[in-house]
Amino acid sequence: MSHDLASDEPEKPSKEEYAVAKWLKKNLITKKTKFLNHNVEYFTAVKAVDALMTTRWAEVKEGEEPMFSTRMDVIKFLNLMLRHKFFHRAKKVPVTEQELKAKLKRKLEKEKKPDAEKRGKKEMHLDQEFVDGLDAYVWIYDPIPVYYWFFGTLLVLGAIAVCLFPLWPPSVRKGVYYLSVLAAGFLIFIIALAILRVVVFCLLWVVTLGKHHLWLFPNLTEDVGFLASFWPIYQYEYKGNDLKEGKNSKKKKKDKDSDNEEDNQDTERDEADNNEDDSPAKPEEISEETGLLAEREAENSESESESSQKSQTGKDFEMVERDEVES
């Protein structure tokens with residue numbers, strides 16, 4: 001019974017598997033995504049196979065057979081690594097636009113909403129097998145960097161040394177005391193310098209009505225290096241011209257507004273005059289106009305009658321005798 005349980009357990013990974021895993025983690029391009037509310041890295045199967053076919057494990061040497069002679073050898077090896085839990089196969093589930101909106105509302109994020117087609121979440125694939133294609137494989141293997149061990153060891157040794165402080169030699173304890181006093185004094189100096197530069201700036205700003213700006217150690221509170229924080233020693237700026245330009249711009253704006261008001265008043269007057277011209281005439285005006293028209297018609301009729309009389313008595317017609325008519 002115990003033999004059957006031992007056979008069901010997967011064998012331990014080999015040194016070659018760890019070496020390949022470290023190389024892939026270092027050289028293979030990976031992407032980040034969400035998996036079970038955790039940020040994970042994943043890679044594409046075809047890119048992993050292509051990358052391993054260009055490594056020393058696929059090089060042909062004299063008297064030695066390469067570990068990866070064909071793509072099928074790489075696939076079999078990566079499938080073995082999958083069984084040893086270096087990574088697992090995942091499938092991409094598209095996220096709808098409604099789910100994205102609901103998620104953004106829950107988290108109150110102000111970032112731009114990505115397209116639903118481009119975004120997706122990963123979930124565990126039911127068929128855990130390495131396939132040479134475009135499927136995604138999420139990394140489980142996450143080796144601890146060497147510098148983590150180094151700094152961790154230093155922290156442990158430092159904590160032990162502090163705990164053993166009463167056992168230190170008197171000269172060492174005295175030196176540590178002076179160093180601690182020096183560090184505290186330097187910290188107090190930095191705080192006092194920061195307060196002093198603000199006081200100097202405010203006093204000069206008030207006295208000159210905001211025309212002169214003077215900062216001592218302008219980079220003291222900036223995100224720069226230690227030495228760069230104390231250089232330059234001061235920074236001076238004259239803001240009087242900016243104030244004059246601001247006043248002139250305000251004055252010009254006020255004059256422009258007054259001109260616009262005058263133009264608006266003129267246009268309103270012109271519109272009022274045009275409305276008066278286009279307005280209908282009153283009854284008295286209508287009666288006067290009709291009277292004038294009647295007088296003009298009477299004058300025209302009189303002139304026509306006079307012209308007719310003139311034509312009758314003028315040279316248009318001549319008086320003849322009866323004898324002349326009979327003849």
# chains A, B, ... in the order shown; residues from 1 in each chain; ligands from 1
>>> residues_around(residues="Gln235 in chain A", least_positions_apart="5", cutoff="9 Å", atoms="only C-alpha atoms", output="PyMOL selection string")
chain A and resi 213-218
>>> select_by_dssp(residues="range 28-87 of chain A", states="alpha helix (DSSP H)", output="mmCIF file with all heavy atoms, in the first residue's frame")
data_model
loop_
_atom_site.group_PDB
_atom_site.id
_atom_site.type_symbol
_atom_site.label_atom_id
_atom_site.label_comp_id
_atom_site.auth_asym_id
_atom_site.auth_seq_id
_atom_site.Cartn_x
_atom_site.Cartn_y
_atom_site.Cartn_z
ATOM 1 N N ALA A 45 3.450 29.454 -25.063
ATOM 2 C CA ALA A 45 4.145 28.177 -25.272
ATOM 3 C C ALA A 45 5.081 28.232 -26.469
ATOM 4 O O ALA A 45 6.235 27.797 -26.397
ATOM 5 C CB ALA A 45 3.117 27.060 -25.447
ATOM 6 N N VAL A 46 4.614 28.766 -27.593
ATOM 7 C CA VAL A 46 5.426 28.746 -28.808
ATOM 8 C C VAL A 46 6.683 29.585 -28.638
ATOM 9 O O VAL A 46 7.760 29.234 -29.152
ATOM 10 C CB VAL A 46 4.576 29.244 -30.002
ATOM 11 C CG1 VAL A 46 4.150 30.692 -29.823
ATOM 12 C CG2 VAL A 46 5.332 29.058 -31.323
ATOM 13 N N LYS A 47 6.603 30.684 -27.864
ATOM 14 C CA LYS A 47 7.787 31.502 -27.643
ATOM 15 C C LYS A 47 8.801 30.782 -26.751
ATOM 16 O O LYS A 47 10.009 30.912 -26.938
ATOM 17 C CB LYS A 47 7.386 32.841 -27.022
ATOM 18 C CG LYS A 47 6.601 33.736 -27.966
ATOM 19 C CD LYS A 47 6.282 35.070 -27.313
ATOM 20 C CE LYS A 47 5.532 35.966 -28.279
ATOM 21 N NZ LYS A 47 5.196 37.283 -27.664
ATOM 22 N N ALA A 48 8.306 30.035 -25.791
ATOM 23 C CA ALA A 48 9.209 29.270 -24.924
ATOM 24 C C ALA A 48 9.953 28.202 -25.721
ATOM 25 O O ALA A 48 11.168 27.999 -25.549
ATOM 26 C CB ALA A 48 8.422 28.646 -23.781
ATOM 27 N N VAL A 49 9.245 27.512 -26.596
ATOM 28 C CA VAL A 49 9.889 26.458 -27.408
ATOM 29 C C VAL A 49 10.911 27.080 -28.348
ATOM 30 O O VAL A 49 12.039 26.573 -28.501
ATOM 31 C CB VAL A 49 8.825 25.660 -28.178
ATOM 32 C CG1 VAL A 49 9.480 24.638 -29.099
ATOM 33 C CG2 VAL A 49 7.865 24.964 -27.216
ATOM 34 N N ASP A 50 10.545 28.202 -28.989
ATOM 35 C CA ASP A 50 11.483 28.868 -29.902
ATOM 36 C C ASP A 50 12.737 29.333 -29.167
ATOM 37 O O ASP A 50 13.846 29.232 -29.693
ATOM 38 C CB ASP A 50 10.801 30.068 -30.565
ATOM 39 C CG ASP A 50 9.684 29.636 -31.508
ATOM 40 O OD1 ASP A 50 9.695 28.467 -31.950
ATOM 41 O OD2 ASP A 50 8.795 30.470 -31.793
ATOM 42 N N ALA A 51 12.562 29.855 -27.960
ATOM 43 C CA ALA A 51 13.712 30.348 -27.198
ATOM 44 C C ALA A 51 14.644 29.216 -26.795
ATOM 45 O O ALA A 51 15.871 29.331 -26.894
ATOM 46 C CB ALA A 51 13.227 31.108 -25.962
ATOM 47 N N LEU A 52 14.083 28.093 -26.348
ATOM 48 C CA LEU A 52 14.928 26.973 -25.912
ATOM 49 C C LEU A 52 15.651 26.310 -27.080
ATOM 50 O O LEU A 52 16.699 25.693 -26.894
ATOM 51 C CB LEU A 52 14.087 25.936 -25.166
ATOM 52 C CG LEU A 52 13.610 26.346 -23.776
ATOM 53 C CD1 LEU A 52 12.699 25.287 -23.183
ATOM 54 C CD2 LEU A 52 14.814 26.567 -22.848
ATOM 55 N N ARG A 71 11.814 20.051 -31.731
ATOM 56 C CA ARG A 71 10.812 20.770 -30.952
ATOM 57 C C ARG A 71 10.026 19.818 -30.058
ATOM 58 O O ARG A 71 9.582 20.191 -28.976
ATOM 59 C CB ARG A 71 9.842 21.531 -31.874
ATOM 60 C CG ARG A 71 10.480 22.663 -32.640
ATOM 61 C CD ARG A 71 9.453 23.383 -33.512
ATOM 62 N NE ARG A 71 8.474 24.102 -32.703
ATOM 63 C CZ ARG A 71 8.629 25.380 -32.321
ATOM 64 N NH1 ARG A 71 9.741 26.045 -32.616
ATOM 65 N NH2 ARG A 71 7.677 25.977 -31.620
ATOM 66 N N MET A 72 9.878 18.565 -30.508
ATOM 67 C CA MET A 72 9.151 17.592 -29.699
ATOM 68 C C MET A 72 9.902 17.290 -28.399
ATOM 69 O O MET A 72 9.270 17.092 -27.356
ATOM 70 C CB MET A 72 8.936 16.308 -30.499
ATOM 71 C CG MET A 72 8.060 15.276 -29.790
ATOM 72 S SD MET A 72 6.423 15.932 -29.327
ATOM 73 C CE MET A 72 5.722 16.248 -30.946
ATOM 74 N N ASP A 73 11.238 17.307 -28.445
ATOM 75 C CA ASP A 73 12.015 17.097 -27.219
ATOM 76 C C ASP A 73 11.775 18.232 -26.224
ATOM 77 O O ASP A 73 11.651 18.003 -25.018
ATOM 78 C CB ASP A 73 13.502 17.013 -27.555
ATOM 79 C CG ASP A 73 13.827 15.778 -28.391
ATOM 80 O OD1 ASP A 73 13.044 14.801 -28.330
ATOM 81 O OD2 ASP A 73 14.843 15.798 -29.109
ATOM 82 N N VAL A 74 11.697 19.468 -26.741
ATOM 83 C CA VAL A 74 11.429 20.622 -25.867
ATOM 84 C C VAL A 74 10.038 20.516 -25.260
ATOM 85 O O VAL A 74 9.835 20.788 -24.067
ATOM 86 C CB VAL A 74 11.595 21.932 -26.659
ATOM 87 C CG1 VAL A 74 11.271 23.129 -25.772
ATOM 88 C CG2 VAL A 74 12.990 22.055 -27.233
ATOM 89 N N ILE A 75 9.058 20.101 -26.070
ATOM 90 C CA ILE A 75 7.678 19.991 -25.583
ATOM 91 C C ILE A 75 7.582 18.943 -24.482
ATOM 92 O O ILE A 75 6.922 19.147 -23.455
ATOM 93 C CB ILE A 75 6.729 19.665 -26.756
ATOM 94 C CG1 ILE A 75 6.683 20.848 -27.736
ATOM 95 C CG2 ILE A 75 5.338 19.341 -26.255
ATOM 96 C CD1 ILE A 75 5.970 20.534 -29.034
ATOM 97 N N LYS A 76 8.259 17.803 -24.669
ATOM 98 C CA LYS A 76 8.233 16.751 -23.647
ATOM 99 C C LYS A 76 8.880 17.239 -22.343
ATOM 100 O O LYS A 76 8.388 16.972 -21.251
ATOM 101 C CB LYS A 76 8.952 15.503 -24.153
ATOM 102 C CG LYS A 76 8.206 14.767 -25.256
ATOM 103 C CD LYS A 76 8.998 13.555 -25.717
ATOM 104 C CE LYS A 76 8.258 12.816 -26.830
ATOM 105 N NZ LYS A 76 9.039 11.629 -27.316
ATOM 106 N N PHE A 77 9.996 17.988 -22.476
ATOM 107 C CA PHE A 77 10.682 18.470 -21.285
ATOM 108 C C PHE A 77 9.826 19.501 -20.552
ATOM 109 O O PHE A 77 9.718 19.471 -19.313
ATOM 110 C CB PHE A 77 12.029 19.083 -21.691
ATOM 111 C CG PHE A 77 12.905 19.431 -20.530
ATOM 112 C CD1 PHE A 77 13.716 18.482 -19.946
ATOM 113 C CD2 PHE A 77 12.918 20.722 -20.006
ATOM 114 C CE1 PHE A 77 14.529 18.793 -18.868
ATOM 115 C CE2 PHE A 77 13.717 21.045 -18.938
ATOM 116 C CZ PHE A 77 14.524 20.082 -18.362
ATOM 117 N N LEU A 78 9.202 20.426 -21.282
ATOM 118 C CA LEU A 78 8.342 21.425 -20.651
ATOM 119 C C LEU A 78 7.084 20.796 -20.062
ATOM 120 O O LEU A 78 6.556 21.270 -19.055
ATOM 121 C CB LEU A 78 7.969 22.515 -21.666
ATOM 122 C CG LEU A 78 9.128 23.414 -22.129
ATOM 123 C CD1 LEU A 78 8.651 24.380 -23.194
ATOM 124 C CD2 LEU A 78 9.724 24.180 -20.951
ATOM 125 N N ASN A 79 6.619 19.726 -20.667
ATOM 126 C CA ASN A 79 5.481 18.997 -20.096
ATOM 127 C C ASN A 79 5.866 18.366 -18.761
ATOM 128 O O ASN A 79 5.065 18.322 -17.816
ATOM 129 C CB ASN A 79 5.010 17.934 -21.082
ATOM 130 C CG ASN A 79 3.657 17.351 -20.708
ATOM 131 O OD1 ASN A 79 2.857 18.019 -20.040
ATOM 132 N ND2 ASN A 79 3.398 16.133 -21.115
ATOM 133 N N LEU A 80 7.126 17.880 -18.681
ATOM 134 C CA LEU A 80 7.610 17.341 -17.407
ATOM 135 C C LEU A 80 7.711 18.449 -16.348
ATOM 136 O O LEU A 80 7.358 18.233 -15.173
ATOM 137 C CB LEU A 80 8.971 16.677 -17.628
ATOM 138 C CG LEU A 80 9.631 16.036 -16.406
ATOM 139 C CD1 LEU A 80 8.770 14.889 -15.864
ATOM 140 C CD2 LEU A 80 11.035 15.541 -16.745
ATOM 141 N N MET A 81 8.170 19.618 -16.766
ATOM 142 C CA MET A 81 8.232 20.754 -15.835
ATOM 143 C C MET A 81 6.840 21.169 -15.373
ATOM 144 O O MET A 81 6.647 21.589 -14.226
ATOM 145 C CB MET A 81 8.938 21.939 -16.498
ATOM 146 C CG MET A 81 10.425 21.720 -16.745
ATOM 147 S SD MET A 81 11.206 23.126 -17.577
ATOM 148 C CE MET A 81 10.997 24.402 -16.359
ATOM 149 N N LEU A 82 5.859 21.048 -16.257
ATOM 150 C CA LEU A 82 4.478 21.376 -15.874
ATOM 151 C C LEU A 82 3.993 20.409 -14.789
ATOM 152 O O LEU A 82 3.321 20.809 -13.846
ATOM 153 C CB LEU A 82 3.577 21.329 -17.104
ATOM 154 C CG LEU A 82 2.122 21.762 -16.927
ATOM 155 C CD1 LEU A 82 1.633 22.488 -18.175
ATOM 156 C CD2 LEU A 82 1.211 20.560 -16.673
ATOM 157 N N ARG A 83 4.325 19.109 -14.925
ATOM 158 C CA ARG A 83 3.929 18.135 -13.900
ATOM 159 C C ARG A 83 4.626 18.390 -12.573
ATOM 160 O O ARG A 83 4.098 18.050 -11.517
ATOM 161 C CB ARG A 83 4.217 16.721 -14.390
ATOM 162 C CG ARG A 83 3.272 16.251 -15.494
ATOM 163 C CD ARG A 83 3.313 14.759 -15.643
ATOM 164 N NE ARG A 83 4.672 14.290 -15.964
ATOM 165 C CZ ARG A 83 5.123 13.080 -15.687
ATOM 166 N NH1 ARG A 83 4.357 12.217 -15.058
ATOM 167 N NH2 ARG A 83 6.361 12.732 -16.029
#
>>> atom_distance(atom1="CA of Phe151 in chain A", atom2="CA of Phe165 in chain A")
21.0 Å
>>> select_by_dssp(residues="range 25-258 of chain A", states="strand (DSSP E or B)", output="ChimeraX atom specification")
/A:31-35,38-44,61,64,87-94,120-124,136-139,212-216,234-238
>>> closest_residue(among="A:Leu193, A:Val198, A:Val156, A:Ala184", to="Phe230 in chain A", atoms="only C-alpha atoms")
A:Leu193
>>> closest_residue(among="A:Lys61, A:His84, A:Lys101, A:His38", to="Ser14 in chain A", atoms="only C-alpha atoms")
A:His84
>>> atom_distance(atom1="CA of Phe201 in chain A", atom2="CA of Lys239 in chain A")
13.3 Å
>>> atom_distance(atom1="CA of Tyr147 in chain A", atom2="CA of Val20 in chain A")
20.9 Å
>>> residues_around(residues="Tyr238 in chain A", least_positions_apart="3", cutoff="9 Å", atoms="only C-alpha atoms", output="list in words")
Gly210, Lys211, His212, His213, Leu214, Asn241 and Asp242 of chain A
>>> write_last_selection(atoms="C-alpha atoms", output="CSV table (one decimal), in the first residue's frame")
chain,number,residue,atom,x,y,z
A,210,GLY,CA,5.6,88.9,-3.8
A,211,LYS,CA,8.1,90.5,-6.2
A,212,HIS,CA,11.2,88.7,-5.0
A,213,HIS,CA,11.5,84.9,-4.4
A,214,LEU,CA,14.5,83.5,-2.6
A,241,ASN,CA,7.3,91.7,-14.3
A,242,ASP,CA,4.8,88.9,-13.9
>>> closest_residue(among="A:Leu36, A:Asn219, A:Glu41, A:Ile160", to="Asp142 in chain A", atoms="only C-alpha atoms")
A:Glu41
>>> decode(residues="range 145-198 of chain A", atoms="C-alpha atoms", output="PDB file, in the first residue's frame")
ATOM      1  CA  PRO A 145      17.097  36.378  -5.568  1.00  0.00           C
ATOM      2  CA  VAL A 146      20.571  36.031  -4.038  1.00  0.00           C
ATOM      3  CA  TYR A 147      20.629  39.596  -2.701  1.00  0.00           C
ATOM      4  CA  TYR A 148      17.527  38.780  -0.643  1.00  0.00           C
ATOM      5  CA  TRP A 149      19.563  36.194   1.236  1.00  0.00           C
ATOM      6  CA  PHE A 150      22.489  38.607   1.596  1.00  0.00           C
ATOM      7  CA  PHE A 151      20.493  41.497   3.071  1.00  0.00           C
ATOM      8  CA  GLY A 152      18.427  39.117   5.187  1.00  0.00           C
ATOM      9  CA  THR A 153      21.609  37.716   6.724  1.00  0.00           C
ATOM     10  CA  LEU A 154      22.875  41.238   7.451  1.00  0.00           C
ATOM     11  CA  LEU A 155      19.611  42.122   9.193  1.00  0.00           C
ATOM     12  CA  VAL A 156      19.780  39.030  11.384  1.00  0.00           C
ATOM     13  CA  LEU A 157      23.423  39.682  12.322  1.00  0.00           C
ATOM     14  CA  GLY A 158      22.648  43.343  13.036  1.00  0.00           C
ATOM     15  CA  ALA A 159      19.749  42.415  15.326  1.00  0.00           C
ATOM     16  CA  ILE A 160      21.955  39.964  17.216  1.00  0.00           C
ATOM     17  CA  ALA A 161      24.703  42.604  17.560  1.00  0.00           C
ATOM     18  CA  VAL A 162      22.239  45.156  18.983  1.00  0.00           C
ATOM     19  CA  CYS A 163      20.968  42.611  21.503  1.00  0.00           C
ATOM     20  CA  LEU A 164      24.563  41.985  22.617  1.00  0.00           C
ATOM     21  CA  PHE A 165      25.257  45.702  23.125  1.00  0.00           C
ATOM     22  CA  PRO A 166      25.871  45.370  26.927  1.00  0.00           C
ATOM     23  CA  LEU A 167      28.656  42.904  26.165  1.00  0.00           C
ATOM     24  CA  TRP A 168      30.497  45.230  23.811  1.00  0.00           C
ATOM     25  CA  PRO A 169      33.872  46.684  24.892  1.00  0.00           C
ATOM     26  CA  PRO A 170      33.647  50.148  26.515  1.00  0.00           C
ATOM     27  CA  SER A 171      35.539  51.841  23.664  1.00  0.00           C
ATOM     28  CA  VAL A 172      33.142  50.424  21.048  1.00  0.00           C
ATOM     29  CA  ARG A 173      30.103  51.448  23.068  1.00  0.00           C
ATOM     30  CA  LYS A 174      31.513  54.967  23.450  1.00  0.00           C
ATOM     31  CA  GLY A 175      32.108  55.198  19.708  1.00  0.00           C
ATOM     32  CA  VAL A 176      28.554  54.046  18.970  1.00  0.00           C
ATOM     33  CA  TYR A 177      27.242  56.646  21.409  1.00  0.00           C
ATOM     34  CA  TYR A 178      29.105  59.448  19.618  1.00  0.00           C
ATOM     35  CA  LEU A 179      27.857  58.196  16.263  1.00  0.00           C
ATOM     36  CA  SER A 180      24.247  58.157  17.480  1.00  0.00           C
ATOM     37  CA  VAL A 181      24.617  61.718  18.851  1.00  0.00           C
ATOM     38  CA  LEU A 182      26.110  62.833  15.538  1.00  0.00           C
ATOM     39  CA  ALA A 183      23.265  61.254  13.570  1.00  0.00           C
ATOM     40  CA  ALA A 184      20.640  62.889  15.810  1.00  0.00           C
ATOM     41  CA  GLY A 185      22.384  66.261  15.467  1.00  0.00           C
ATOM     42  CA  PHE A 186      22.466  65.946  11.684  1.00  0.00           C
ATOM     43  CA  LEU A 187      18.751  65.136  11.634  1.00  0.00           C
ATOM     44  CA  ILE A 188      17.961  68.171  13.812  1.00  0.00           C
ATOM     45  CA  PHE A 189      20.131  70.331  11.521  1.00  0.00           C
ATOM     46  CA  ILE A 190      18.194  69.220   8.435  1.00  0.00           C
ATOM     47  CA  ILE A 191      14.830  69.976  10.101  1.00  0.00           C
ATOM     48  CA  ALA A 192      16.029  73.411  11.289  1.00  0.00           C
ATOM     49  CA  LEU A 193      17.400  74.213   7.823  1.00  0.00           C
ATOM     50  CA  ALA A 194      14.067  73.298   6.213  1.00  0.00           C
ATOM     51  CA  ILE A 195      12.204  75.597   8.630  1.00  0.00           C
ATOM     52  CA  LEU A 196      14.733  78.433   8.121  1.00  0.00           C
ATOM     53  CA  ARG A 197      14.414  78.381   4.320  1.00  0.00           C
ATOM     54  CA  VAL A 198      10.647  78.667   4.568  1.00  0.00           C
TER      55      VAL A 198
END
